[in-house]
Amino acid sequence: MEEACIICGKRIAGIEVRNDYILSSIRWFKRNVTRNEKGFRLVVCKEDFPKYYKQRKSFERKRSLYIGLGVVFAAALFILSEFNLYSLFYGIGIVVFLYLLSLVSYMPALETGSEAGKQKHDTAAGSAAASSHGRRTGIVGKATKTKGYKHE
Ligand SMILES: [Zn+2]
């Protein structure tokens, strides 16, 4: 699959973006509603990484701020309504609404979290197995060579 940078839009190699539920829903929407899914593997190229990092941090800040505000509003509403349970539904609605609002500046995470770490670990184990396999092949190769030498 071709890679495309999410910042500059160039078809270029980079650090892969983690596929979360937000990206999955965007993909689903493009596939089923607007039918313009391009099927690129989304990455951030080396050049744009500082820019991406700034935008990601700003999104994370905004998201916590908006959710925090929503929770404060919800709590205030709950108290002001003299602990009416229905006001809790409105409160949840406010939190969800503010969360969705924060997604306007959405920036996906990169494949560097704990999941990627686990993958790296698996790869390391795999390469260790491969190298031991390589060593074994080497021994076999040597033995064959020696045999061949003897034969001559
Ligand atoms: Zn780029």
# chains A, B, ... in the order shown; residues from 1 in each chain; ligands from 1
>>> closest_atom_pairs(of="chain A", to="ligand 1", cutoff="12 Å", atoms="only C-alpha atoms and all ligand atoms", output="tab-separated table")
residue	atom	partner	partner_atom_place_in_ligand_line	distance
A:Glu3	CA	ligand 1	1 (Zn)	10.6
A:Ala4	CA	ligand 1	1 (Zn)	7.9
A:Cys5	CA	ligand 1	1 (Zn)	4.6
A:Ile6	CA	ligand 1	1 (Zn)	6.5
A:Ile7	CA	ligand 1	1 (Zn)	5.0
A:Cys8	CA	ligand 1	1 (Zn)	4.1
A:Gly9	CA	ligand 1	1 (Zn)	6.1
A:Lys10	CA	ligand 1	1 (Zn)	6.0
A:Arg11	CA	ligand 1	1 (Zn)	8.3
A:Ile12	CA	ligand 1	1 (Zn)	7.2
A:Ala13	CA	ligand 1	1 (Zn)	8.8
A:Gly14	CA	ligand 1	1 (Zn)	8.1
A:Ile15	CA	ligand 1	1 (Zn)	10.2
A:Glu16	CA	ligand 1	1 (Zn)	11.8
A:Leu42	CA	ligand 1	1 (Zn)	10.4
A:Val43	CA	ligand 1	1 (Zn)	8.1
A:Val44	CA	ligand 1	1 (Zn)	5.7
A:Cys45	CA	ligand 1	1 (Zn)	4.4
A:Lys46	CA	ligand 1	1 (Zn)	7.0
A:Glu47	CA	ligand 1	1 (Zn)	6.0
A:Asp48	CA	ligand 1	1 (Zn)	4.7
A:Phe49	CA	ligand 1	1 (Zn)	7.6
A:Pro50	CA	ligand 1	1 (Zn)	10.3
A:Lys51	CA	ligand 1	1 (Zn)	9.2
A:Tyr52	CA	ligand 1	1 (Zn)	8.9
>>> residues_around(residues="Arg63 in chain A", least_positions_apart="4", cutoff="9 Å", atoms="only C-alpha atoms", output="list in words")
Ser58, Phe59, Ile67, Gly68, Leu98, Tyr99, Leu100, Leu101, Ser102, Leu103 and Tyr106 of chain A
>>> write_last_selection(atoms="N, CA and C atoms", output="CSV table (one decimal), in the first residue's frame")
chain,number,residue,atom,x,y,z
A,58,SER,N,-1.3,20.2,20.8
A,58,SER,CA,-2.3,21.2,21.0
A,58,SER,C,-3.7,20.5,21.0
A,59,PHE,N,-3.8,19.4,20.2
A,59,PHE,CA,-5.1,18.7,20.2
A,59,PHE,C,-5.3,18.0,21.5
A,67,ILE,N,-13.0,18.4,27.7
A,67,ILE,CA,-13.6,17.3,28.5
A,67,ILE,C,-13.7,17.8,29.9
A,68,GLY,N,-12.7,18.5,30.4
A,68,GLY,CA,-12.7,19.1,31.8
A,68,GLY,C,-13.8,20.1,31.9
A,98,LEU,N,-18.7,18.5,23.7
A,98,LEU,CA,-17.4,19.2,23.8
A,98,LEU,C,-16.3,18.4,23.3
A,99,TYR,N,-16.4,17.1,23.5
A,99,TYR,CA,-15.4,16.1,23.0
A,99,TYR,C,-15.4,16.1,21.5
A,100,LEU,N,-16.5,16.1,20.9
A,100,LEU,CA,-16.7,16.1,19.5
A,100,LEU,C,-16.1,17.4,18.9
A,101,LEU,N,-16.4,18.5,19.6
A,101,LEU,CA,-15.9,19.8,19.2
A,101,LEU,C,-14.4,19.8,19.2
A,102,SER,N,-13.8,19.1,20.2
A,102,SER,CA,-12.3,19.1,20.2
A,102,SER,C,-11.7,18.3,19.0
A,103,LEU,N,-12.5,17.4,18.4
A,103,LEU,CA,-12.0,16.6,17.3
A,103,LEU,C,-11.9,17.4,16.0
A,106,TYR,N,-8.4,17.4,15.3
A,106,TYR,CA,-7.9,16.1,15.6
A,106,TYR,C,-6.6,15.8,14.9
>>> select_by_dssp(residues="range 18-77 of chain A", states="strand (DSSP E)", output="ChimeraX atom specification")
/A:41-44
>>> closest_residue(among="A:Gly70, A:Pro108, A:Gly91, A:Gly39", to="Arg56 in chain A", atoms="only C-alpha atoms")
A:Pro108
>>> closest_residue(among="A:Lys54, A:Val17, A:Glu2, A:Leu65", to="Val95 in chain A", atoms="only C-alpha atoms")
A:Leu65
